[in-house]
file data23.cif (mmCIF, N, CA and C atoms)
data_upload
#
loop_
_atom_site.label_atom_id
_atom_site.label_comp_id
_atom_site.auth_asym_id
_atom_site.auth_seq_id
_atom_site.Cartn_x
_atom_site.Cartn_y
_atom_site.Cartn_z
N MET A 37 11.82 -45.85 7.71
CA MET A 37 12.90 -44.94 7.51
C MET A 37 12.79 -43.80 8.51
N MET A 38 13.79 -43.61 9.29
CA MET A 38 13.78 -42.57 10.33
C MET A 38 14.53 -41.35 9.82
N SER A 39 13.99 -40.22 10.13
CA SER A 39 14.70 -39.00 9.74
C SER A 39 15.62 -38.59 10.88
N GLU A 40 16.70 -37.95 10.51
CA GLU A 40 17.66 -37.53 11.52
C GLU A 40 17.11 -36.30 12.24
N PRO A 41 17.31 -36.23 13.56
CA PRO A 41 16.83 -35.05 14.29
C PRO A 41 17.64 -33.82 13.89
N HIS A 42 16.96 -32.71 13.78
CA HIS A 42 17.61 -31.45 13.43
C HIS A 42 17.78 -30.62 14.68
N ASP A 43 18.85 -29.86 14.69
CA ASP A 43 19.06 -28.94 15.81
C ASP A 43 18.08 -27.79 15.71
N ALA A 44 17.63 -27.32 16.84
CA ALA A 44 16.73 -26.17 16.86
C ALA A 44 17.50 -24.93 16.42
N PRO A 45 16.84 -24.02 15.70
CA PRO A 45 17.55 -22.81 15.29
C PRO A 45 17.95 -21.98 16.51
N ALA A 46 19.06 -21.29 16.36
CA ALA A 46 19.54 -20.45 17.45
C ALA A 46 18.59 -19.28 17.64
N PRO A 47 18.41 -18.83 18.88
CA PRO A 47 17.52 -17.69 19.10
C PRO A 47 18.08 -16.45 18.40
N VAL A 48 17.18 -15.63 17.93
CA VAL A 48 17.56 -14.43 17.19
C VAL A 48 17.49 -13.23 18.11
N ASP A 49 18.55 -12.44 18.09
CA ASP A 49 18.58 -11.21 18.87
C ASP A 49 17.84 -10.12 18.08
N PRO A 50 16.72 -9.58 18.62
CA PRO A 50 15.95 -8.60 17.86
C PRO A 50 16.72 -7.30 17.60
N ASP A 51 17.76 -7.03 18.38
CA ASP A 51 18.52 -5.80 18.19
C ASP A 51 19.71 -5.98 17.25
N ALA A 52 20.01 -7.22 16.88
CA ALA A 52 21.13 -7.46 15.98
C ALA A 52 20.75 -7.08 14.56
N PRO A 53 21.69 -6.53 13.78
CA PRO A 53 21.37 -6.18 12.40
C PRO A 53 21.10 -7.43 11.58
N CYS A 54 20.14 -7.35 10.72
CA CYS A 54 19.76 -8.48 9.87
C CYS A 54 20.79 -8.61 8.74
N PRO A 55 21.27 -9.82 8.44
CA PRO A 55 22.30 -9.97 7.42
C PRO A 55 21.84 -9.57 6.02
N HIS A 56 20.57 -9.70 5.71
CA HIS A 56 20.08 -9.34 4.37
C HIS A 56 19.41 -7.97 4.35
N GLY A 57 19.65 -7.18 5.34
CA GLY A 57 19.09 -5.82 5.36
C GLY A 57 17.88 -5.72 6.26
N GLY A 58 16.99 -6.67 6.19
CA GLY A 58 15.80 -6.65 7.04
C GLY A 58 14.86 -5.52 6.70
N PRO A 59 13.76 -5.44 7.41
CA PRO A 59 12.79 -4.39 7.12
C PRO A 59 13.34 -3.01 7.51
N SER A 60 12.98 -2.04 6.70
CA SER A 60 13.41 -0.67 7.00
C SER A 60 12.55 -0.10 8.12
N SER A 61 12.95 1.05 8.62
CA SER A 61 12.14 1.68 9.67
C SER A 61 10.77 2.05 9.13
N PHE A 62 10.69 2.39 7.84
CA PHE A 62 9.40 2.69 7.21
C PHE A 62 8.50 1.46 7.22
N GLU A 63 9.07 0.31 6.88
CA GLU A 63 8.28 -0.93 6.88
C GLU A 63 7.86 -1.32 8.30
N ARG A 64 8.77 -1.16 9.27
CA ARG A 64 8.41 -1.49 10.66
C ARG A 64 7.32 -0.56 11.17
N ALA A 65 7.41 0.72 10.85
CA ALA A 65 6.39 1.68 11.30
C ALA A 65 5.06 1.43 10.62
N SER A 66 5.08 0.92 9.40
CA SER A 66 3.85 0.67 8.65
C SER A 66 3.20 -0.66 9.02
N GLY A 67 3.90 -1.50 9.75
CA GLY A 67 3.40 -2.83 10.06
C GLY A 67 2.03 -2.88 10.69
N PRO A 68 1.76 -2.12 11.76
CA PRO A 68 0.44 -2.21 12.39
C PRO A 68 -0.71 -1.80 11.45
N LEU A 69 -0.51 -0.74 10.68
CA LEU A 69 -1.56 -0.31 9.75
C LEU A 69 -1.73 -1.33 8.62
N ALA A 70 -0.62 -1.88 8.14
CA ALA A 70 -0.71 -2.89 7.09
C ALA A 70 -1.45 -4.13 7.59
N ARG A 71 -1.16 -4.55 8.81
CA ARG A 71 -1.88 -5.71 9.37
C ARG A 71 -3.36 -5.41 9.54
N ALA A 72 -3.69 -4.19 9.95
CA ALA A 72 -5.09 -3.81 10.11
C ALA A 72 -5.81 -3.84 8.76
N LEU A 73 -5.15 -3.35 7.71
CA LEU A 73 -5.79 -3.35 6.39
C LEU A 73 -5.94 -4.76 5.84
N THR A 74 -4.98 -5.65 6.12
CA THR A 74 -5.10 -7.01 5.61
C THR A 74 -6.17 -7.81 6.36
N SER A 75 -6.58 -7.33 7.51
CA SER A 75 -7.63 -8.05 8.25
C SER A 75 -9.02 -7.73 7.70
N ILE A 76 -9.12 -6.68 6.89
CA ILE A 76 -10.41 -6.31 6.28
C ILE A 76 -10.58 -7.10 4.99
N HIS A 77 -11.81 -7.55 4.74
CA HIS A 77 -12.09 -8.33 3.53
C HIS A 77 -11.76 -7.49 2.29
N PRO A 78 -11.10 -8.08 1.29
CA PRO A 78 -10.69 -7.33 0.10
C PRO A 78 -11.85 -6.66 -0.65
N LEU A 79 -13.02 -7.30 -0.67
CA LEU A 79 -14.16 -6.68 -1.36
C LEU A 79 -14.64 -5.42 -0.64
N VAL A 80 -14.52 -5.41 0.67
CA VAL A 80 -14.89 -4.22 1.43
C VAL A 80 -13.93 -3.08 1.10
N LEU A 81 -12.63 -3.38 1.06
CA LEU A 81 -11.65 -2.35 0.71
C LEU A 81 -11.88 -1.83 -0.70
N MET A 82 -12.17 -2.74 -1.62
CA MET A 82 -12.43 -2.32 -3.01
C MET A 82 -13.66 -1.45 -3.09
N ALA A 83 -14.71 -1.80 -2.35
CA ALA A 83 -15.93 -1.00 -2.35
C ALA A 83 -15.68 0.40 -1.80
N ILE A 84 -14.86 0.49 -0.76
CA ILE A 84 -14.53 1.80 -0.17
C ILE A 84 -13.77 2.65 -1.19
N VAL A 85 -12.78 2.06 -1.85
CA VAL A 85 -11.99 2.80 -2.84
C VAL A 85 -12.87 3.26 -3.99
N VAL A 86 -13.70 2.37 -4.52
CA VAL A 86 -14.58 2.73 -5.64
C VAL A 86 -15.55 3.83 -5.22
N ALA A 87 -16.12 3.72 -4.02
CA ALA A 87 -17.05 4.74 -3.55
C ALA A 87 -16.37 6.10 -3.40
N LEU A 88 -15.16 6.12 -2.84
CA LEU A 88 -14.44 7.39 -2.68
C LEU A 88 -14.08 8.01 -4.03
N VAL A 89 -13.62 7.19 -4.96
CA VAL A 89 -13.23 7.72 -6.28
C VAL A 89 -14.46 8.22 -7.04
N LEU A 90 -15.54 7.47 -7.02
CA LEU A 90 -16.75 7.92 -7.72
C LEU A 90 -17.33 9.17 -7.08
N ALA A 91 -17.40 9.20 -5.75
CA ALA A 91 -17.92 10.39 -5.07
C ALA A 91 -17.03 11.59 -5.35
N GLY A 92 -15.72 11.40 -5.31
CA GLY A 92 -14.80 12.49 -5.58
C GLY A 92 -14.86 12.97 -7.01
N SER A 93 -15.22 12.08 -7.91
CA SER A 93 -15.30 12.44 -9.32
C SER A 93 -16.58 13.19 -9.67
N PHE A 94 -17.65 12.92 -8.97
CA PHE A 94 -18.94 13.48 -9.37
C PHE A 94 -19.51 14.53 -8.42
N LEU A 95 -18.96 14.67 -7.24
CA LEU A 95 -19.45 15.71 -6.33
C LEU A 95 -18.91 17.07 -6.75
N PRO A 96 -19.53 18.15 -6.30
CA PRO A 96 -19.03 19.49 -6.63
C PRO A 96 -17.58 19.68 -6.15
N PRO A 97 -16.90 20.74 -6.62
CA PRO A 97 -15.46 20.92 -6.44
C PRO A 97 -14.80 20.52 -5.12
N PRO A 98 -15.33 20.71 -3.94
CA PRO A 98 -14.55 20.16 -2.82
C PRO A 98 -14.59 18.63 -2.74
N GLY A 99 -15.41 18.01 -3.57
CA GLY A 99 -15.52 16.55 -3.56
C GLY A 99 -14.25 15.84 -3.96
N TRP A 100 -13.37 16.51 -4.73
CA TRP A 100 -12.13 15.87 -5.16
C TRP A 100 -11.25 15.50 -3.97
N LEU A 101 -11.50 16.13 -2.84
CA LEU A 101 -10.71 15.79 -1.65
C LEU A 101 -10.93 14.35 -1.19
N LEU A 102 -12.03 13.74 -1.61
CA LEU A 102 -12.29 12.34 -1.25
C LEU A 102 -11.32 11.39 -1.95
N ILE A 103 -10.73 11.83 -3.05
CA ILE A 103 -9.80 10.97 -3.79
C ILE A 103 -8.41 11.01 -3.16
N VAL A 104 -8.08 12.06 -2.46
CA VAL A 104 -6.74 12.23 -1.89
C VAL A 104 -6.35 11.07 -0.96
N PRO A 105 -7.22 10.61 -0.05
CA PRO A 105 -6.81 9.46 0.79
C PRO A 105 -6.52 8.20 -0.03
N VAL A 106 -7.24 8.02 -1.12
CA VAL A 106 -6.99 6.85 -1.98
C VAL A 106 -5.59 6.96 -2.59
N ILE A 107 -5.24 8.16 -3.06
CA ILE A 107 -3.91 8.38 -3.64
C ILE A 107 -2.83 8.13 -2.59
N VAL A 108 -3.03 8.63 -1.39
CA VAL A 108 -2.03 8.47 -0.33
C VAL A 108 -1.85 6.99 0.02
N VAL A 109 -2.94 6.25 0.15
CA VAL A 109 -2.84 4.83 0.51
C VAL A 109 -2.19 4.04 -0.62
N LEU A 110 -2.56 4.33 -1.88
CA LEU A 110 -1.93 3.62 -3.00
C LEU A 110 -0.44 3.91 -3.09
N ALA A 111 -0.05 5.16 -2.85
CA ALA A 111 1.37 5.51 -2.87
C ALA A 111 2.11 4.81 -1.73
N TRP A 112 1.47 4.72 -0.57
CA TRP A 112 2.07 4.04 0.58
C TRP A 112 2.27 2.55 0.28
N VAL A 113 1.26 1.91 -0.30
CA VAL A 113 1.37 0.49 -0.65
C VAL A 113 2.46 0.28 -1.70
N LEU A 114 2.54 1.20 -2.67
CA LEU A 114 3.59 1.11 -3.68
C LEU A 114 4.96 1.22 -3.04
N ALA A 115 5.13 2.16 -2.13
CA ALA A 115 6.42 2.35 -1.46
C ALA A 115 6.78 1.12 -0.62
N LEU A 116 5.80 0.53 0.05
CA LEU A 116 6.08 -0.66 0.87
C LEU A 116 6.55 -1.84 0.04
N GLY A 117 5.96 -2.03 -1.12
CA GLY A 117 6.29 -3.21 -1.92
C GLY A 117 7.19 -2.94 -3.10
N TRP A 118 7.81 -1.77 -3.16
CA TRP A 118 8.61 -1.39 -4.33
C TRP A 118 9.66 -2.44 -4.69
N SER A 119 10.41 -2.92 -3.72
CA SER A 119 11.50 -3.86 -4.02
C SER A 119 10.99 -5.25 -4.40
N ARG A 120 9.75 -5.56 -4.07
CA ARG A 120 9.20 -6.89 -4.37
C ARG A 120 8.41 -6.92 -5.67
N ARG A 121 8.20 -5.77 -6.29
CA ARG A 121 7.39 -5.70 -7.50
C ARG A 121 8.26 -5.74 -8.74
N SER A 122 7.69 -6.31 -9.80
CA SER A 122 8.39 -6.29 -11.08
C SER A 122 8.23 -4.88 -11.68
N PRO A 123 9.07 -4.54 -12.65
CA PRO A 123 8.94 -3.21 -13.27
C PRO A 123 7.56 -2.96 -13.88
N SER A 124 6.95 -3.98 -14.46
CA SER A 124 5.62 -3.77 -15.05
C SER A 124 4.56 -3.53 -13.97
N GLU A 125 4.68 -4.20 -12.83
CA GLU A 125 3.74 -3.96 -11.72
C GLU A 125 3.91 -2.55 -11.17
N ARG A 126 5.16 -2.11 -11.06
CA ARG A 126 5.42 -0.74 -10.59
C ARG A 126 4.79 0.28 -11.54
N LEU A 127 5.00 0.05 -12.84
CA LEU A 127 4.47 0.97 -13.84
C LEU A 127 2.95 1.03 -13.78
N MET A 128 2.30 -0.12 -13.62
CA MET A 128 0.84 -0.13 -13.53
C MET A 128 0.35 0.65 -12.32
N GLN A 129 0.98 0.43 -11.18
CA GLN A 129 0.51 1.13 -9.98
C GLN A 129 0.81 2.62 -10.04
N VAL A 130 1.96 3.00 -10.58
CA VAL A 130 2.27 4.42 -10.74
C VAL A 130 1.28 5.06 -11.72
N SER A 131 0.89 4.33 -12.76
CA SER A 131 -0.08 4.85 -13.73
C SER A 131 -1.43 5.13 -13.07
N VAL A 132 -1.87 4.22 -12.21
CA VAL A 132 -3.14 4.43 -11.51
C VAL A 132 -3.05 5.65 -10.59
N ILE A 133 -1.93 5.80 -9.91
CA ILE A 133 -1.75 6.96 -9.03
C ILE A 133 -1.78 8.25 -9.84
N PHE A 134 -1.07 8.28 -10.99
CA PHE A 134 -1.08 9.47 -11.84
C PHE A 134 -2.48 9.76 -12.38
N LEU A 135 -3.22 8.73 -12.73
CA LEU A 135 -4.59 8.93 -13.22
C LEU A 135 -5.46 9.57 -12.14
N LEU A 136 -5.34 9.10 -10.90
CA LEU A 136 -6.12 9.69 -9.81
C LEU A 136 -5.68 11.12 -9.51
N VAL A 137 -4.38 11.40 -9.62
CA VAL A 137 -3.90 12.77 -9.43
C VAL A 137 -4.47 13.66 -10.53
N ALA A 138 -4.52 13.16 -11.76
CA ALA A 138 -5.08 13.94 -12.87
C ALA A 138 -6.56 14.22 -12.64
N ILE A 139 -7.30 13.23 -12.15
CA ILE A 139 -8.72 13.44 -11.85
C ILE A 139 -8.86 14.52 -10.79
N CYS A 140 -8.04 14.46 -9.76
CA CYS A 140 -8.07 15.49 -8.70
C CYS A 140 -7.78 16.87 -9.28
N ALA A 141 -6.78 16.97 -10.14
CA ALA A 141 -6.42 18.26 -10.70
C ALA A 141 -7.53 18.83 -11.56
N VAL A 142 -8.14 17.99 -12.35
CA VAL A 142 -9.24 18.45 -13.21
C VAL A 142 -10.44 18.87 -12.37
N ARG A 143 -10.74 18.14 -11.33
CA ARG A 143 -11.89 18.47 -10.48
C ARG A 143 -11.60 19.67 -9.57
N ALA A 144 -10.35 19.87 -9.19
CA ALA A 144 -9.99 20.95 -8.28
C ALA A 144 -10.00 22.31 -8.99
N VAL A 145 -9.69 22.33 -10.28
CA VAL A 145 -9.62 23.57 -11.03
C VAL A 145 -10.66 23.54 -12.15
N PRO A 146 -11.91 23.81 -11.82
CA PRO A 146 -12.94 23.78 -12.87
C PRO A 146 -12.76 24.97 -13.81
N ARG A 147 -13.37 24.93 -14.96
CA ARG A 147 -13.27 26.03 -15.94
C ARG A 147 -13.85 27.29 -15.42
#
call {"tool": "encode", "arguments": {"input": "data23.cif", "output": "structure tokens"}}
result
Amino acid sequence: MMSEPHDAPAPVDPDAPCPHGGPSSFERASGPLARALTSIHPLVLMAIVVALVLAGSFLPPPGWLLIVPVIVVLAWVLALGWSRRSPSERLMQVSVIFLLVAICAVRAVPR
């Protein structure tokens, strides 16, 4: 049984608007950093996040600044994938971000 030959797809003009909206300028600008982060082993990234959060939680008052990059990266990842996430996934990630912000606030303003 022979399959019928298919025509090659037409070349795509990179400057033409994408019919389904395409990536936003935010997504295009985030592409290189996102690719760099995906090239790192997930366990290494998790270890870095855990180390920063634990150090920021237990070091003296300026230590809370170590949690701020984690909050920024998590918010960036949430913003990148907002349209692809289900409402429950969004809620979980927003909850984690709020928890880290609360830890920062408690550590930044000691009694």
call {"tool": "residues_around", "arguments": {"input": "data23.cif", "residues": "range 77-92 of chain A", "least_positions_apart": "4", "cutoff": "6 Å", "atoms": "all atoms listed in the file", "output": "list in words"}}
result
Gly99, Trp100, Leu101, Leu102 and Ile103 of chain A
call {"tool": "closest_residue", "arguments": {"input": "data23.cif", "among": "A:Gly117, A:Pro68, A:Pro123, A:Pro97", "to": "Cys140 in chain A", "atoms": "only C-alpha atoms"}}
result
A:Pro97
call {"tool": "select_by_dssp", "arguments": {"input": "data23.cif", "residues": "range 49-131 of chain A", "states": "helix (DSSP H, G or I)", "output": "MDAnalysis selection string"}}
result
chainID A and resid 61:74 78:94 97:102 104:120 123:131
call {"tool": "atom_distance", "arguments": {"input": "data23.cif", "atom1": "CA of Val137 in chain A", "atom2": "CA of Ile76 in chain A"}}
result
25.6 Å
call {"tool": "closest_residue", "arguments": {"input": "data23.cif", "among": "A:Leu95, A:Ala65, A:Ala72, A:Leu110", "to": "Gln129 in chain A", "atoms": "only C-alpha atoms"}}
result
A:Leu110
call {"tool": "atom_distance", "arguments": {"input": "data23.cif", "atom1": "CA of Ser122 in chain A", "atom2": "CA of Arg71 in chain A"}}
result
22.9 Å
call {"tool": "atom_distance", "arguments": {"input": "data23.cif", "atom1": "atom C of Leu136 in chain A", "atom2": "CA of Ile107 in chain A"}}
result
6.7 Å
call {"tool": "residues_around", "arguments": {"input": "data23.cif", "residues": "Ile133 in chain A", "least_positions_apart": "6", "cutoff": "10 Å", "atoms": "only C-alpha atoms", "output": "MDAnalysis selection string"}}
result
chainID A and resid 106:111 114 127 139
